[in-house]
Amino acid sequence: MKLFTRCPYCKKETSFFAFVSDRAMLSKEKGNPFQLTCKSCNSDFACEIDKVYAKHSKIALIIGLTVLILGIPFSFIVLNDIIEDTGYVVFSVGMIAVPFAIYQIINNQDRKRVENFNRFRIRR
Ligand SMILES: [Zn+2]
């Protein structure tokens with residue numbers, strides 16, 4: 001996931017990618033502290049694991065909202081004939097709930113990911 005920390009030299013936030021889900025994994029993979037290069041000022045600095053944090057992904061939010069925005073009219077279009085023919089309102093409500101559910105799942109997953117990473121701290 002995308003992780004963030006603050007550069008001690010220019011105080012700007014810098015980011016990097018790591019295939020880890022919490023600080024323990026990050027520590028195992030990179031060591032603690034580990035070397036990082038600031039994207040703003042190009043300084044190398046020793047970054048402590050506990051100063052690394054995860055943030056909510058904009059991509060997850062965008063995907064979630066896209067599903068929500070496109071999903072509802074799409075559900076209506078697809079189900080329009082079925083609803084007219086059969087009057088299965090309950091069924092249509094169910095289908096509208098699907099984009100909502102997907103949006104919720106994406107949002108919850110993202111929140112859990114961020115909470116999981118930020119909760120765990122390395123004891124030194
Ligand atoms: Zn910097």
# chains A, B, ... in the order shown; residues from 1 in each chain; ligands from 1
$ closest_atom_pairs --of "segment 2-28 of chain A" --to "segment 43-67 of chain A" --cutoff "7 Å" --atoms "only C-alpha atoms" --output "CSV"
residue,atom,partner,partner_atom,distance
A:Lys2,CA,A:Ala54,CA,6.8
A:Leu3,CA,A:Ala54,CA,5.0
A:Phe4,CA,A:Tyr53,CA,5.3
A:Thr5,CA,A:Val52,CA,4.8
A:Arg23,CA,A:Ile49,CA,6.4
A:Ser27,CA,A:Ile49,CA,6.4
$ write_last_selection --atoms "C-alpha atoms" --output "short mmCIF file (atom, residue, chain, number, x, y, z; two decimals), in the first residue's frame"
data_model
loop_
_atom_site.label_atom_id
_atom_site.label_comp_id
_atom_site.auth_asym_id
_atom_site.auth_seq_id
_atom_site.Cartn_x
_atom_site.Cartn_y
_atom_site.Cartn_z
CA LYS A 2 0.99 3.61 -0.22
CA LEU A 3 2.63 4.80 2.98
CA PHE A 4 3.59 8.24 4.18
CA THR A 5 6.11 9.87 6.45
CA ARG A 23 4.18 -1.85 10.79
CA SER A 27 9.82 -3.51 9.92
#
$ residues_around --residues "Lys112 of chain A" --least-positions-apart "4" --cutoff "12 Å" --atoms "only C-alpha atoms" --output "PyMOL selection string"
chain A and resi 21-22+54-57+104-108+116-119
$ closest_residue --among "A:Ile122, A:Val114, A:Ile72, A:Ile77" --to "Ile96 of chain A" --atoms "only C-alpha atoms"
A:Ile72
$ residues_near_ligand --ligand "ligand 1" --cutoff "7 Å" --atoms "only C-alpha atoms and all ligand atoms" --output "PDB file with C-alpha atoms, in the first residue's frame"
ATOM      1  CA  CYS A   7      10.942  14.290   5.817  1.00  0.00           C
ATOM      2  CA  PRO A   8      13.070  15.582   8.740  1.00  0.00           C
ATOM      3  CA  TYR A   9      14.866  18.068   6.468  1.00  0.00           C
ATOM      4  CA  CYS A  10      12.182  19.817   4.471  1.00  0.00           C
ATOM      5  CA  LYS A  11       9.258  18.738   6.723  1.00  0.00           C
ATOM      6  CA  LYS A  12       7.255  17.764   3.678  1.00  0.00           C
ATOM      7  CA  CYS A  38      12.567  12.319   0.226  1.00  0.00           C
ATOM      8  CA  LYS A  39      10.700  13.029  -2.997  1.00  0.00           C
ATOM      9  CA  SER A  40      10.692  16.762  -2.377  1.00  0.00           C
ATOM     10  CA  CYS A  41      14.311  17.545  -1.471  1.00  0.00           C
ATOM     11  CA  ASN A  42      16.031  14.254  -2.436  1.00  0.00           C
ATOM     12  CA  SER A  43      17.619  13.863   1.000  1.00  0.00           C
TER      13      SER A  43
END
$ closest_residue --among "A:Phe34, A:Val98, A:Ala18, A:Leu26" --to "Phe76 of chain A" --atoms "only C-alpha atoms"
A:Val98
$ select_by_dssp --residues "chain A" --states "strand (DSSP E or B)" --output "PyMOL selection string"
chain A and resi 2-6+13-17+34-37+44-47+53-54
$ write_last_selection --atoms "N, CA and C atoms" --output "compact mmCIF listing (two decimals), in the first residue's frame"
# COMPACT_ATOMS: atom_id res chain seq x y z
N LYS A 2 0.25 2.36 -0.22
CA LYS A 2 0.99 3.61 -0.22
C LYS A 2 1.13 4.08 1.22
N LEU A 3 2.37 4.38 1.60
CA LEU A 3 2.63 4.80 2.98
C LEU A 3 3.29 6.17 2.98
N PHE A 4 3.12 6.86 4.10
CA PHE A 4 3.59 8.24 4.18
C PHE A 4 4.46 8.45 5.41
N THR A 5 5.35 9.41 5.29
CA THR A 5 6.11 9.87 6.45
C THR A 5 6.57 11.29 6.15
N ARG A 6 7.06 11.95 7.20
CA ARG A 6 7.48 13.33 7.02
C ARG A 6 9.00 13.40 6.94
N GLU A 13 5.69 15.99 3.45
CA GLU A 13 5.25 14.60 3.46
C GLU A 13 5.78 13.90 2.23
N THR A 14 6.35 12.72 2.44
CA THR A 14 6.82 11.94 1.30
C THR A 14 6.19 10.56 1.37
N SER A 15 6.03 9.93 0.22
CA SER A 15 5.32 8.65 0.18
C SER A 15 6.15 7.58 -0.49
N PHE A 16 5.84 6.33 -0.19
CA PHE A 16 6.49 5.20 -0.85
C PHE A 16 5.53 4.02 -0.83
N PHE A 17 5.84 3.02 -1.65
CA PHE A 17 4.99 1.84 -1.71
C PHE A 17 5.64 0.67 -1.01
N PHE A 34 14.75 2.45 8.56
CA PHE A 34 15.18 2.12 7.21
C PHE A 34 15.47 3.40 6.42
N GLN A 35 16.22 3.23 5.35
CA GLN A 35 16.62 4.40 4.55
C GLN A 35 15.51 4.78 3.57
N LEU A 36 15.26 6.04 3.50
CA LEU A 36 14.24 6.53 2.58
C LEU A 36 14.75 7.81 1.92
N THR A 37 14.36 8.02 0.69
CA THR A 37 14.75 9.25 0.00
C THR A 37 13.53 10.14 -0.15
N ASP A 44 18.44 11.71 1.73
CA ASP A 44 18.29 10.39 2.32
C ASP A 44 18.16 10.56 3.82
N PHE A 45 17.23 9.85 4.42
CA PHE A 45 17.12 9.92 5.87
C PHE A 45 16.70 8.58 6.44
N ALA A 46 17.01 8.36 7.71
CA ALA A 46 16.62 7.14 8.40
C ALA A 46 15.21 7.33 8.93
N CYS A 47 14.33 6.49 8.46
CA CYS A 47 12.92 6.64 8.81
C CYS A 47 12.53 5.58 9.84
N TYR A 53 2.91 6.21 8.33
CA TYR A 53 1.47 6.05 8.51
C TYR A 53 0.76 5.84 7.18
N ALA A 54 -0.39 5.23 7.27
CA ALA A 54 -1.22 4.99 6.09
C ALA A 54 -2.33 6.03 6.05
$ closest_residue --among "A:Met1, A:Val78, A:Met95, A:Ala24" --to "Arg123 of chain A" --atoms "only C-alpha atoms"
A:Ala24
$ select_by_dssp --residues "segment 12-74 of chain A" --states "alpha helix (DSSP H)" --output "MDAnalysis selection string"
chainID A and resid 23:30 58:74
$ closest_residue --among "A:Phe74, A:Glu115, A:Phe120, A:Leu68" --to "Ile102 of chain A" --atoms "only C-alpha atoms"
A:Leu68
$ atom_distance --atom1 "atom CA of Glu29 of chain A" --atom2 "atom CA of Arg113 of chain A"
18.1 Å
$ atom_distance --atom1 "atom CA of Met25 of chain A" --atom2 "atom CA of Arg121 of chain A"
11.1 Å
